[in-house]
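Okay, start.txt now, which holds compact mmCIF, C-alpha atoms and all ligand atoms:
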```
# COMPACT_ATOMS: atom_id res chain seq x y z
CA MET F 1 55.08 109.53 141.57
CA SER F 2 57.63 110.60 144.16
CA PRO F 3 60.79 112.24 142.79
CA ASN F 4 63.01 109.21 143.37
CA ASP F 5 60.43 106.58 142.58
CA GLY F 6 61.75 104.64 139.63
CA ASP F 7 61.38 107.37 137.04
CA ILE F 8 64.66 107.47 135.23
CA VAL F 9 64.23 110.72 133.32
CA THR F 10 61.79 113.15 134.85
CA SER F 11 63.03 116.61 134.09
CA THR F 12 60.44 118.63 132.23
CA TYR F 13 62.21 119.72 129.08
CA ASN F 14 60.94 123.24 129.32
CA VAL F 15 62.62 126.10 127.67
CA ALA F 16 65.85 126.47 129.64
CA MET F 17 65.06 129.82 131.24
CA PHE F 18 68.34 131.48 131.97
CA ASN F 19 68.40 132.38 135.61
CA THR F 20 69.63 135.95 135.57
CA ASN F 21 69.33 136.20 139.36
CA ASN F 22 71.96 133.49 139.70
CA LEU F 23 74.26 135.40 137.42
CA LYS F 24 73.66 138.75 139.06
CA LYS F 25 74.99 137.49 142.35
CA HIS F 26 78.37 137.06 140.62
CA GLN F 27 78.59 140.58 139.34
CA LEU F 28 79.98 142.17 142.50
CA SER F 29 82.59 140.68 144.82
CA ALA F 30 82.19 140.79 148.60
CA ARG F 31 84.31 143.95 148.49
CA GLY F 32 82.14 145.59 145.87
CA GLU F 33 84.54 145.24 142.93
CA LYS F 34 83.08 144.62 139.51
CA LEU F 35 83.65 141.01 138.44
CA LEU F 36 83.56 139.21 135.13
CA THR F 37 80.23 137.54 134.50
CA SER F 38 80.89 135.41 131.47
CA PRO F 39 81.30 132.79 132.80
CA PRO F 40 80.77 133.59 136.50
CA LEU F 41 84.23 133.21 137.99
CA PRO F 42 85.35 132.87 141.61
CA GLU F 43 87.89 135.38 142.86
CA TYR F 44 90.95 133.12 142.61
CA LEU F 45 90.24 132.62 138.89
CA GLN F 46 89.63 136.30 138.30
CA GLU F 47 93.02 136.97 139.85
CA HIS F 48 94.52 134.22 137.70
CA PHE F 49 93.31 135.68 134.42
CA ALA F 50 94.16 139.24 135.44
CA ARG F 51 97.71 138.27 136.52
CA SER F 52 98.29 136.04 133.47
CA ALA F 53 97.31 138.89 131.15
CA LYS F 54 99.36 141.56 132.93
CA PRO F 55 102.96 140.56 133.74
CA ALA F 56 103.93 141.73 137.22
CA SER F 57 106.59 144.42 137.36
CA THR F 58 108.40 142.68 140.19
CA GLN F 59 107.96 138.92 140.66
CA GLU F 60 106.73 136.62 137.89
CA TYR F 61 103.25 135.22 138.51
CA ILE F 62 103.14 131.50 139.40
CA PRO F 63 99.67 130.01 138.82
CA MET F 64 99.22 126.94 141.04
CA CYS F 65 95.43 127.22 141.04
CA ILE F 66 94.61 125.86 137.57
CA ALA F 67 94.09 122.14 136.93
CA GLU F 68 96.00 121.95 133.68
CA ASN F 69 98.76 119.60 132.62
CA ARG F 70 101.34 121.84 130.97
CA LEU F 71 104.05 119.19 131.09
CA VAL F 72 103.09 117.35 127.89
CA TRP F 73 102.86 119.83 125.03
CA ASP F 74 106.06 118.57 123.38
CA LEU F 75 104.49 115.07 123.27
CA LEU F 76 101.17 116.27 121.86
CA GLN F 77 102.34 118.83 119.35
CA PRO F 78 103.99 116.53 116.73
CA LYS F 79 101.10 114.06 116.89
CA MET F 80 98.54 116.83 116.46
CA ALA F 81 100.50 118.18 113.49
CA ASP F 82 100.30 114.70 111.90
CA CYS F 83 96.50 114.63 112.25
CA ARG F 84 95.75 117.69 110.12
CA ASP F 85 94.63 116.09 106.86
CA VAL F 86 91.07 117.25 107.53
CA PRO F 87 88.39 115.61 105.36
CA HIS F 88 85.58 117.74 103.89
CA GLN F 89 83.05 115.95 106.11
CA ALA F 90 84.65 117.53 109.20
CA LEU F 91 83.42 120.93 108.00
CA CYS F 92 79.83 119.80 107.54
CA TYR F 93 76.82 119.24 109.78
CA ASP F 94 76.92 115.86 111.46
CA ALA F 95 75.39 114.16 114.50
CA MET F 96 75.19 116.79 117.23
CA ILE F 97 76.49 114.36 119.87
CA GLY F 98 79.57 113.57 117.77
CA SER F 99 80.05 111.80 114.46
CA GLN F 100 79.50 108.05 114.37
CA ARG F 101 83.16 107.59 113.42
CA PHE F 102 84.43 109.63 116.38
CA ARG F 103 82.14 107.81 118.81
CA GLU F 104 83.42 104.47 117.47
CA GLN F 105 87.01 105.62 117.90
CA LEU F 106 86.17 106.80 121.42
CA THR F 107 84.50 103.57 122.59
CA ARG F 108 87.47 101.57 121.36
CA PHE F 109 90.01 103.91 122.96
CA MET F 110 88.17 104.23 126.29
CA GLY F 111 87.44 100.49 126.51
CA ARG F 112 91.12 99.76 125.98
CA THR F 113 92.57 102.41 128.30
CA PHE F 114 90.33 103.07 131.29
CA LEU F 115 86.71 101.93 131.17
CA GLY F 116 87.62 98.25 131.46
CA ARG F 117 85.14 97.26 128.75
CA GLN F 118 83.76 98.51 125.51
CA PHE F 119 80.52 100.45 125.25
CA GLU F 120 78.47 101.00 122.09
CA PRO F 121 78.91 104.28 120.16
CA GLU F 122 75.17 104.84 120.78
CA GLN F 123 75.93 104.98 124.51
CA VAL F 124 78.29 107.94 124.06
CA ALA F 125 77.44 111.63 123.63
CA VAL F 126 80.22 114.11 122.80
CA LEU F 127 79.85 117.78 123.79
CA ALA F 128 81.99 120.88 124.28
CA GLY F 129 83.91 119.81 127.39
CA ALA F 130 83.02 118.06 130.63
CA GLY F 131 81.39 121.26 131.89
CA SER F 132 78.85 121.20 129.05
CA VAL F 133 78.25 117.49 129.57
CA LEU F 134 77.51 118.01 133.27
CA GLU F 135 75.31 121.03 132.65
CA ILE F 136 73.20 119.28 130.01
CA LEU F 137 73.15 115.91 131.76
CA PHE F 138 71.84 117.46 134.97
CA HIS F 139 69.29 119.48 133.03
CA VAL F 140 68.03 116.12 131.79
CA LEU F 141 68.16 114.29 135.13
CA ALA F 142 66.71 116.87 137.50
CA ASP F 143 64.28 119.74 137.77
CA PRO F 144 64.99 123.23 139.17
CA GLY F 145 64.95 123.23 142.95
CA GLU F 146 66.11 119.64 143.31
CA GLY F 147 69.34 118.71 145.07
CA VAL F 148 72.54 116.91 144.06
CA LEU F 149 74.94 115.45 146.62
CA VAL F 150 78.60 116.39 146.12
CA PRO F 151 81.33 115.19 148.51
CA THR F 152 83.61 118.01 149.67
CA PRO F 153 86.27 119.25 149.28
CA SER F 154 85.26 119.24 145.63
CA TYR F 155 86.06 120.54 142.17
CA ALA F 156 84.95 124.17 142.44
CA GLY F 157 83.21 124.36 139.04
CA PHE F 158 80.34 122.00 139.86
CA TRP F 159 78.45 124.85 141.51
CA GLU F 160 78.49 126.93 138.34
CA ASP F 161 77.73 123.90 136.18
CA LEU F 162 74.68 122.77 138.15
CA GLU F 163 73.31 125.87 139.84
CA THR F 164 73.55 128.61 137.19
CA ARG F 165 71.17 127.55 134.43
CA ASP F 166 69.96 124.17 135.71
CA GLU F 167 68.88 125.88 138.96
CA LEU F 168 69.75 122.85 141.04
CA THR F 169 71.18 123.08 144.53
CA ILE F 170 74.32 121.23 145.48
CA VAL F 171 73.98 119.62 148.88
CA PRO F 172 77.54 119.17 150.18
CA VAL F 173 78.59 115.91 151.80
CA HIS F 174 81.29 117.33 154.06
CA CYS F 175 84.07 114.81 154.53
CA SER F 176 86.38 115.22 157.51
CA SER F 177 90.10 115.98 157.63
CA SER F 178 90.36 113.57 160.59
CA ASP F 179 90.39 110.61 158.15
CA GLY F 180 91.90 112.35 155.10
CA PHE F 181 88.47 113.47 153.81
CA ARG F 182 87.29 109.90 153.10
CA LEU F 183 83.83 109.54 151.62
CA THR F 184 81.74 107.27 153.86
CA THR F 185 78.25 105.86 153.50
CA GLU F 186 77.47 107.34 156.94
CA GLY F 187 78.32 110.79 155.56
CA LEU F 188 76.11 110.16 152.53
CA ASP F 189 73.24 108.94 154.75
CA ARG F 190 73.51 112.04 156.91
CA ALA F 191 73.51 114.44 153.96
CA LEU F 192 70.52 112.66 152.40
CA GLU F 193 68.54 112.68 155.65
CA GLU F 194 69.32 116.29 156.47
CA SER F 195 68.59 117.70 153.02
CA CYS F 196 65.48 119.84 152.91
CA ARG F 197 65.06 119.26 149.16
CA PRO F 198 64.58 116.10 147.12
CA ILE F 199 67.93 114.61 146.17
CA ARG F 200 68.08 113.50 142.58
CA ALA F 201 71.72 112.40 142.20
CA LEU F 202 75.18 111.95 143.66
CA LEU F 203 78.16 113.40 141.77
CA VAL F 204 81.55 111.82 142.50
CA THR F 205 84.91 112.81 140.99
CA SER F 206 87.06 109.73 140.53
CA PRO F 207 90.06 110.19 140.73
CA ASN F 208 89.28 112.86 143.27
CA ASN F 209 89.75 116.56 142.60
CA PRO F 210 91.19 118.24 144.76
CA LEU F 211 92.52 115.34 146.88
CA GLY F 212 94.29 113.55 144.03
CA THR F 213 93.25 110.14 145.34
CA VAL F 214 91.81 107.08 143.58
CA TYR F 215 88.93 104.96 144.85
CA SER F 216 89.41 101.20 145.20
CA PRO F 217 86.93 98.87 143.41
CA GLU F 218 85.43 98.08 146.86
CA GLU F 219 84.87 101.78 147.61
CA ILE F 220 83.26 102.28 144.18
CA ASP F 221 81.05 99.27 144.76
CA GLN F 222 79.93 100.75 148.10
CA ILE F 223 79.05 104.05 146.42
CA LEU F 224 77.08 102.24 143.71
CA LEU F 225 75.22 100.12 146.27
CA TRP F 226 74.45 103.16 148.37
CA ALA F 227 73.04 105.07 145.37
CA GLU F 228 71.00 102.02 144.33
CA ASN F 229 69.44 101.84 147.79
CA ALA F 230 68.77 105.57 147.78
CA ARG F 231 67.24 105.18 144.27
CA ILE F 232 69.15 108.13 142.90
CA HIS F 233 71.41 108.62 139.88
CA VAL F 234 75.15 108.55 140.40
CA ILE F 235 77.51 110.39 138.08
CA PHE F 236 81.18 109.45 138.05
CA ASP F 237 83.30 112.30 136.72
CA GLU F 238 86.35 110.31 135.57
CA ILE F 239 88.09 113.21 133.84
CA TYR F 240 91.47 112.31 135.45
CA ALA F 241 91.19 108.57 134.69
CA LEU F 242 94.53 108.31 132.87
CA SER F 243 96.43 110.82 135.01
CA VAL F 244 97.19 108.33 137.77
CA PHE F 245 100.83 108.23 138.84
CA GLY F 246 100.88 106.52 142.27
CA GLN F 247 100.94 102.90 143.39
CA ARG F 248 97.20 102.24 143.12
CA ASP F 249 95.59 101.69 139.72
CA PHE F 250 92.51 103.58 138.63
CA SER F 251 89.24 101.61 138.54
CA SER F 252 86.37 102.96 136.51
CA CYS F 253 82.88 102.44 137.89
CA SER F 254 82.23 100.55 134.63
CA SER F 255 84.84 97.93 135.50
CA VAL F 256 83.23 97.15 138.85
CA ARG F 257 79.92 95.87 137.41
CA THR F 258 79.04 93.89 134.30
CA SER F 259 76.43 96.54 133.53
CA ILE F 260 76.31 100.04 135.04
CA GLY F 261 72.53 100.22 134.67
CA GLU F 262 70.22 103.10 133.89
CA ARG F 263 71.11 105.32 136.83
CA VAL F 264 74.90 105.42 136.51
CA HIS F 265 76.57 107.85 134.10
CA ILE F 266 80.24 108.49 133.35
CA VAL F 267 81.78 111.80 132.29
CA TRP F 268 85.22 112.17 130.70
CA ALA F 269 87.01 114.80 128.58
CA PHE F 270 90.27 115.44 126.73
CA SER F 271 90.85 118.51 128.92
CA LYS F 272 93.01 116.81 131.55
CA ASP F 273 94.46 113.49 130.38
CA PHE F 274 95.42 115.03 127.02
CA GLY F 275 96.18 118.54 128.31
CA ALA F 276 93.59 119.96 125.91
CA SER F 277 91.13 122.04 127.94
CA GLY F 278 91.03 124.62 125.14
CA LEU F 279 89.75 122.15 122.55
CA ARG F 280 86.46 121.75 124.46
CA CYS F 281 85.73 118.08 123.99
CA GLY F 282 84.02 116.03 126.69
CA LEU F 283 81.65 113.12 126.71
CA LEU F 284 78.97 111.18 128.48
CA VAL F 285 78.85 107.39 128.66
CA SER F 286 75.48 106.03 129.70
CA GLU F 287 73.51 102.82 129.26
CA ASN F 288 70.31 104.83 129.64
CA GLU F 289 68.93 105.29 126.13
CA ALA F 290 66.43 107.95 127.20
CA VAL F 291 69.15 110.02 128.85
CA VAL F 292 71.41 109.85 125.78
CA ALA F 293 68.45 110.78 123.56
CA ALA F 294 67.58 113.75 125.77
CA VAL F 295 71.21 114.92 125.77
CA ASP F 296 71.20 114.54 121.98
CA ALA F 297 68.14 116.78 121.78
CA LEU F 298 70.05 119.55 123.57
CA ALA F 299 73.49 118.91 122.04
CA TYR F 300 73.14 121.39 119.17
CA TRP F 301 73.84 124.21 121.64
CA ALA F 302 77.09 122.71 122.95
CA CYS F 303 78.66 120.76 120.09
CA CYS F 304 82.28 119.86 119.71
CA SER F 305 83.50 121.06 116.30
CA GLY F 306 83.96 118.54 113.48
CA ASP F 307 87.57 119.64 113.11
CA THR F 308 88.34 118.90 116.77
CA GLN F 309 86.56 115.54 116.57
CA PHE F 310 88.66 114.61 113.55
CA LEU F 311 91.93 115.66 115.21
CA LEU F 312 91.24 113.84 118.49
CA GLY F 313 89.78 110.80 116.73
CA GLU F 314 92.94 110.31 114.67
CA MET F 315 95.07 110.81 117.76
CA ILE F 316 93.36 108.14 119.87
CA ALA F 317 93.15 105.69 116.96
CA ASP F 318 96.92 105.23 117.14
CA ASP F 319 97.22 102.71 119.99
CA ALA F 320 101.01 102.69 120.08
CA TRP F 321 101.18 106.49 120.28
CA VAL F 322 98.45 106.62 122.98
CA ASP F 323 100.22 104.01 125.12
CA GLY F 324 103.58 105.78 124.82
CA TYR F 325 102.01 109.17 125.54
CA VAL F 326 100.13 107.95 128.63
CA ARG F 327 103.24 106.22 129.99
CA GLU F 328 105.37 109.34 129.61
CA MET F 329 102.62 111.65 130.87
CA LYS F 330 102.34 109.61 134.10
CA THR F 331 106.13 109.58 134.51
CA ARG F 332 106.25 113.37 134.22
CA LEU F 333 103.38 113.84 136.66
CA ALA F 334 105.10 111.54 139.16
CA SER F 335 108.43 113.31 138.86
CA SER F 336 106.87 116.78 139.23
CA TYR F 337 104.87 115.55 142.22
CA ASP F 338 108.02 114.04 143.82
CA LEU F 339 109.99 117.23 143.29
CA VAL F 340 107.28 119.47 144.71
CA THR F 341 106.57 117.25 147.71
CA ALA F 342 110.30 117.01 148.48
CA HIS F 343 110.39 120.81 148.65
CA LEU F 344 107.24 120.89 150.76
CA GLY F 345 109.00 118.47 153.12
CA THR F 346 112.08 120.70 153.30
CA GLY F 347 109.84 123.64 154.08
CA ASP F 348 107.96 121.63 156.76
CA ILE F 349 104.67 122.33 154.99
CA PRO F 350 102.08 119.65 155.77
CA PHE F 351 100.19 118.17 152.83
CA LEU F 352 97.93 115.22 152.00
CA ARG F 353 99.58 112.59 149.79
CA ALA F 354 98.21 112.36 146.24
CA GLU F 355 98.39 109.61 143.61
CA ALA F 356 96.45 111.09 140.68
CA GLY F 357 95.57 114.34 138.97
CA PHE F 358 97.67 117.48 138.82
CA PHE F 359 97.33 118.66 142.42
CA LEU F 360 97.63 117.96 146.10
CA VAL F 361 96.07 119.54 149.17
CA LEU F 362 98.14 121.60 151.59
CA ASP F 363 97.12 121.59 155.24
CA LEU F 364 97.89 125.14 156.34
CA ARG F 365 95.63 125.18 159.40
CA THR F 366 98.51 125.89 161.76
CA TYR F 367 99.36 129.01 159.75
CA LEU F 368 95.91 130.56 160.14
CA ALA F 369 95.63 133.32 162.74
CA GLU F 370 92.37 131.64 163.77
CA GLN F 371 90.37 128.72 162.36
CA THR F 372 87.99 130.83 160.26
CA TRP F 373 87.19 131.35 156.57
CA ASP F 374 88.25 134.93 156.95
CA ALA F 375 91.71 133.86 158.13
CA GLU F 376 91.95 131.40 155.22
CA TYR F 377 91.05 134.18 152.82
CA ARG F 378 93.68 136.48 154.33
CA LEU F 379 96.40 133.82 153.98
CA TRP F 380 95.40 133.15 150.34
CA ARG F 381 95.55 136.91 149.60
CA ARG F 382 98.85 137.31 151.38
CA LEU F 383 100.48 134.58 149.25
CA LEU F 384 99.06 136.22 146.16
CA GLU F 385 100.07 139.76 147.00
CA GLU F 386 103.41 139.12 148.70
CA VAL F 387 104.88 136.44 146.41
CA ASN F 388 102.50 136.33 143.42
CA VAL F 389 101.56 132.66 143.91
CA ASN F 390 97.93 131.71 143.38
CA LEU F 391 96.58 128.61 145.18
CA THR F 392 92.97 127.43 145.17
CA PRO F 393 91.59 128.22 148.63
CA GLY F 394 89.62 125.42 150.30
CA SER F 395 86.58 127.68 150.52
CA ALA F 396 86.35 127.61 146.69
CA CYS F 397 86.32 123.80 146.90
CA HIS F 398 83.51 124.10 149.48
CA CYS F 399 85.68 122.34 152.04
CA GLY F 400 83.94 121.89 155.41
CA GLU F 401 86.99 123.13 157.38
CA PRO F 402 89.13 126.25 156.80
CA GLY F 403 92.89 126.04 156.23
CA PHE F 404 93.23 123.65 153.27
CA PHE F 405 94.55 124.84 149.89
CA ARG F 406 94.83 123.02 146.56
CA LEU F 407 98.24 123.32 144.91
CA CYS F 408 98.52 122.37 141.22
CA PHE F 409 102.01 121.10 140.51
CA ALA F 410 101.52 120.40 136.77
CA SER F 411 100.22 123.80 135.70
CA VAL F 412 103.76 125.16 135.40
CA ASP F 413 107.09 123.53 134.58
CA PRO F 414 108.83 121.76 137.50
CA GLU F 415 111.37 124.54 138.13
CA ARG F 416 108.63 127.14 138.50
CA ALA F 417 106.59 124.76 140.66
CA VAL F 418 109.55 124.43 143.02
CA GLU F 419 110.04 128.18 142.96
CA GLY F 420 106.33 128.53 143.88
CA VAL F 421 106.76 126.18 146.85
CA ASP F 422 109.86 128.05 148.00
CA ARG F 423 108.02 131.36 147.84
CA ILE F 424 105.12 129.88 149.85
CA THR F 425 107.61 128.55 152.42
CA GLY F 426 109.15 132.02 152.71
CA VAL F 427 105.78 133.58 153.59
CA LEU F 428 104.78 130.80 156.00
CA ARG F 429 108.07 131.05 157.89
CA LYS F 430 107.25 134.65 158.76
CA LEU F 431 103.92 133.68 160.34
C1 LIG X 1 86.47 117.17 138.07
C2 LIG X 1 86.31 118.10 136.92
N1 LIG X 1 85.21 118.02 136.15
C3 LIG X 1 85.01 118.85 135.11
C4 LIG X 1 85.94 119.82 134.78
C5 LIG X 1 85.66 120.73 133.60
O1 LIG X 1 86.29 120.20 132.47
P1 LIG X 1 86.16 120.83 131.02
O2 LIG X 1 87.26 121.82 130.86
O3 LIG X 1 86.31 119.66 130.08
O4 LIG X 1 84.81 121.46 130.92
C6 LIG X 1 87.10 119.95 135.56
C7 LIG X 1 88.08 121.01 135.28
O5 LIG X 1 88.91 121.37 136.08
C8 LIG X 1 87.30 119.06 136.63
O6 LIG X 1 88.39 119.11 137.40
```

Will you turn the file into structure tokens for me?
Amino acid sequence: MSPNDGDIVTSTYNVAMFNTNNLKKHQLSARGEKLLTSPPLPEYLQEHFARSAKPASTQEYIPMCIAENRLVWDLLQPKMADCRDVPHQALCYDAMIGSQRFREQLTRFMGRTFLGRQFEPEQVAVLAGAGSVLEILFHVLADPGEGVLVPTPSYAGFWEDLETRDELTIVPVHCSSSDGFRLTTEGLDRALEESCRPIRALLVTSPNNPLGTVYSPEEIDQILLWAENARIHVIFDEIYALSVFGQRDFSSCSSVRTSIGERVHIVWAFSKDFGASGLRCGLLVSENEAVVAAVDALAYWACCSGDTQFLLGEMIADDAWVDGYVREMKTRLASSYDLVTAHLGTGDIPFLRAEAGFFLVLDLRTYLAEQTWDAEYRLWRRLLEEVNVNLTPGSACHCGEPGFFRLCFASVDPERAVEGVDRITGVLRKL
């Protein structure tokens, strides 16, 4: 049977041999400095954790590189405090992919708020964050050495999630700045044809990270059709589904078809839409029974705690609170985005318009000494060292062209975000 020939689950469920070679390559930076290895972190994140832990003697550190929504804690905190009447069952062993009760609460909540229809609790698997879901899902879907298509620029963490222990290779589908990095079927065709390894799946982030854009139902339908023709799985990472603040509504891939079928899988987590990345709760939605069963078989090693399931379950069971929270969360994202983009405009800093997520992409190509990755790196370092502002460089997002930087506007309060933009403007004006 050829790799893409109708077999829905083909990964051999061998012992997951930890690939120490993959980890070793993260132990030294290009400049020979010792790096953290648990988990393997890119340089911009190493700088982030180092600078967050050690307050600068001169200028306060402004982290604009972390996709976190820090604008909503005052909304979450009282509700979380109300959900602390923990039952004994929450302390005990339960289904490793989440208790039946939590999965029922989830299907109701997701059907009502963003999936467009209700799935069965048996079609949901809860794990410790979207990262764990992706890692285990891809372990189930593909074998070491196989390829996964990822449009770029992309969320930087997919490489760690898929390549470290799963030993897959991400085959980038480089989108072009000439049309705002649109994903096209021509681009997908090209990447599939040119890949020297069998392609098992396509992984799409919708809404897009780092572009902060939403896909229309027609665009989603095109992606689904393309993947059907290519006979590969398609995973929609919809982790920012509720964090949409622009004119266009979010459409889940599940709302585009009456059934998503056995080769389409959805990933979501509380990390972004509920500002709770530290709680480590993510989930898979799939109509493929064999895939859910295989994820279940591996779930013991990446469970979400019973306490967290109880807390989040109670929170999302309160429809009126959820609706009020989501409304206010979107309003705050929009107002922070408007403030930051107004300041970018004043500073004449070009950027790509966003309508979802916590970030936007700056186009700093004209500020590069030359159009190279080295020049991009030097500009990123200069912003960090001169004004203590950390952006995500495009290279970390595996962008196909140097000079683009992701700026997270919700990771700090609006005043600090504006201060960050003003500091960036100050450096760019000197170039
Ligand atoms: C698109 C996307 N997927 C997955 C993740 C990882 O989420 P989690 O913290 O739930 O593992 C992130 C985090 O930034 C993300 O942006």

(request) Taking all atoms listed in the file into account, report as a PyMOL selection string which residues have an atom no farther than 10 Å from an atom of ligand LIG 1 (chain X). (result) chain F and resi 66-68+127-135+154-158+161+203-210+236-240+267-272+275-283+357-358

(message) Report, in Å to a single decimal, how far apart atom CA of F:Arg423 and atom CA of F:Gly347 are.
(response)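 Between these atoms lies a distance of 10.1 Å.
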
(request) Could you give me, as a list in words, the residues that sit within 7 Å of (84.8, 100.9, 119.2) in the file's coordinates, counting all atoms listed in the file? (result)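 Residues found, by chain and rising number: Glu104, Gln105, Leu106, Thr107, Arg108, Gln118, Glu120 and Pro121 of chain F.
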
(request) Point out the residue among F:Gln123, F:Ser176, F:Thr425, F:Ser243 with the least atom-to-atom distance to F:Arg327, counting only C-alpha atoms. (result) F:Ser243

(request) Grab the atom CA of F:Trp380 to atom CA of F:Val150 distance for me, in Å with one decimal place. (result)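 About the pair atom CA of F:Trp380 and atom CA of F:Val150: they are 24.1 Å apart.
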
(request) Find the residues near F:Lys430: any atom within 12 Å, counting all atoms listed in the file, skip ones fewer than 3 places away on the same chain, and give them as JSON, numbers by chain. (result) {"F": [367, 379, 382, 383, 386, 423, 424, 425, 426, 427]}

Would you write out those residues with C-alpha atoms, as a PDB file, in the coordinates of the input?
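Once written, again34.pdb looks like this:
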```pdb
ATOM      1  CA  TYR F 367      99.360 129.010 159.750  1.00  0.00           C
ATOM      2  CA  LEU F 379      96.400 133.820 153.980  1.00  0.00           C
ATOM      3  CA  ARG F 382      98.850 137.310 151.380  1.00  0.00           C
ATOM      4  CA  LEU F 383     100.480 134.580 149.250  1.00  0.00           C
ATOM      5  CA  GLU F 386     103.410 139.120 148.700  1.00  0.00           C
ATOM      6  CA  ARG F 423     108.020 131.360 147.840  1.00  0.00           C
ATOM      7  CA  ILE F 424     105.120 129.880 149.850  1.00  0.00           C
ATOM      8  CA  THR F 425     107.610 128.550 152.420  1.00  0.00           C
ATOM      9  CA  GLY F 426     109.150 132.020 152.710  1.00  0.00           C
ATOM     10  CA  VAL F 427     105.780 133.580 153.590  1.00  0.00           C
TER      11      VAL F 427
END
```

F:Ala320 surroundings by only C-alpha atoms, 12 Å radius, close-in-sequence under 4 positions cut, as a PDB file with C-alpha atoms, in the coordinates of the input:
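Output contents, as saved in out-v8.pdb:
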```pdb
ATOM      1  CA  LYS F  79     101.100 114.060 116.890  1.00  0.00           C
ATOM      2  CA  PHE F 109      90.010 103.910 122.960  1.00  0.00           C
ATOM      3  CA  ARG F 112      91.120  99.760 125.980  1.00  0.00           C
ATOM      4  CA  THR F 113      92.570 102.410 128.300  1.00  0.00           C
ATOM      5  CA  MET F 315      95.070 110.810 117.760  1.00  0.00           C
ATOM      6  CA  ILE F 316      93.360 108.140 119.870  1.00  0.00           C
ATOM      7  CA  GLY F 324     103.580 105.780 124.820  1.00  0.00           C
ATOM      8  CA  TYR F 325     102.010 109.170 125.540  1.00  0.00           C
ATOM      9  CA  VAL F 326     100.130 107.950 128.630  1.00  0.00           C
ATOM     10  CA  ARG F 327     103.240 106.220 129.990  1.00  0.00           C
TER      11      ARG F 327
END
```

(request) Between F:Arg429, F:Arg190, F:Lys330, F:His398, single out the one closest to F:Thr366, counting all atoms listed in the file. (result) F:Arg429

(message) Under the rule that only C-alpha atoms are counted, which of F:Tyr61, F:Trp321, F:Phe49, F:Phe102 is the nearest residue to F:Thr308?
(response) F:Phe102

(request) May I ask which of the residues F:Tyr337, F:Phe404, F:Trp373, F:Phe310 is the closest one to F:Pro87, counting only C-alpha atoms? (result)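 Residue with the minimum atom-to-atom distance to F:Pro87: F:Phe310.
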
(message) Just want the 6 Å neighbourhood of stretch 257-266 of chain F, counted on all atoms listed in the file, with same-chain residues fewer than 6 positions away dropped. Output as a ChimeraX atom specification.
(response) /F:233-237,284-288

Hey, can you spit out that residue selection with C-alpha atoms as a PDB file, in the frame of the given file?
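So out_2.pdb came out as:
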```pdb
ATOM      1  CA  HIS F 233      71.410 108.620 139.880  1.00  0.00           C
ATOM      2  CA  VAL F 234      75.150 108.550 140.400  1.00  0.00           C
ATOM      3  CA  ILE F 235      77.510 110.390 138.080  1.00  0.00           C
ATOM      4  CA  PHE F 236      81.180 109.450 138.050  1.00  0.00           C
ATOM      5  CA  ASP F 237      83.300 112.300 136.720  1.00  0.00           C
ATOM      6  CA  LEU F 284      78.970 111.180 128.480  1.00  0.00           C
ATOM      7  CA  VAL F 285      78.850 107.390 128.660  1.00  0.00           C
ATOM      8  CA  SER F 286      75.480 106.030 129.700  1.00  0.00           C
ATOM      9  CA  GLU F 287      73.510 102.820 129.260  1.00  0.00           C
ATOM     10  CA  ASN F 288      70.310 104.830 129.640  1.00  0.00           C
TER      11      ASN F 288
END
```

(request) Determine the nearest neighbour of F:Ile223 from the options F:Met110, F:Val86, F:Leu362, F:Leu188, counting all atoms listed in the file. (result)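 Of all the options, F:Leu188 lies closest to F:Ile223.
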
(request) Work out how far atom CA of F:Val389 is from atom CA of F:Ala417, in Å to one decimal. (result)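 According to the coordinates, atom CA of F:Ala417 and atom CA of F:Val389 are separated by 9.9 Å.
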
(message) Need the shell around stretch 69-73 of chain F: protein/DNA/RNA residues with any atom at most 7 Å away, counting only C-alpha atoms. Skip same-chain ones fewer than 4 positions apart. Format as a count of residues only?
(response) 10

(message) Just checking: using only C-alpha atoms, which residue out of F:Ile170, F:Asp422, F:Phe119, F:Asp179 ends up closest to F:Ala342?
(response)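 Nearest to F:Ala342: F:Asp422.
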
(request) Could you give me, as a ChimeraX atom specification, the residues that sit within 10 Å of (87.4, 94.8, 142.9) in the file's coordinates, counting all atoms listed in the file? (result) /F:216-221,251,255-257

Exercise on stretch 94-102 of chain F, axis-aligned box with 8 Å per side, report centre and edge lengths in Å to one decimal, as lines of an AutoDock Vina configuration file:
```
center_x = 79.8
center_y = 112.2
center_z = 115.7
size_x = 25.2
size_y = 25.2
size_z = 24.4
```

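All residues of protein, DNA or RNA that reach within 10 Å of stretch 191-194 of chain F, judged by all atoms listed in the file and not counting those fewer than 4 positions away in the chain, are Gly147, Val148, Leu149, Val150, Pro151, Val171, Pro172, Val173, His174, Thr185, Glu186, Gly187, Pro198, Ile199, Leu202 and Ala230 of chain F.
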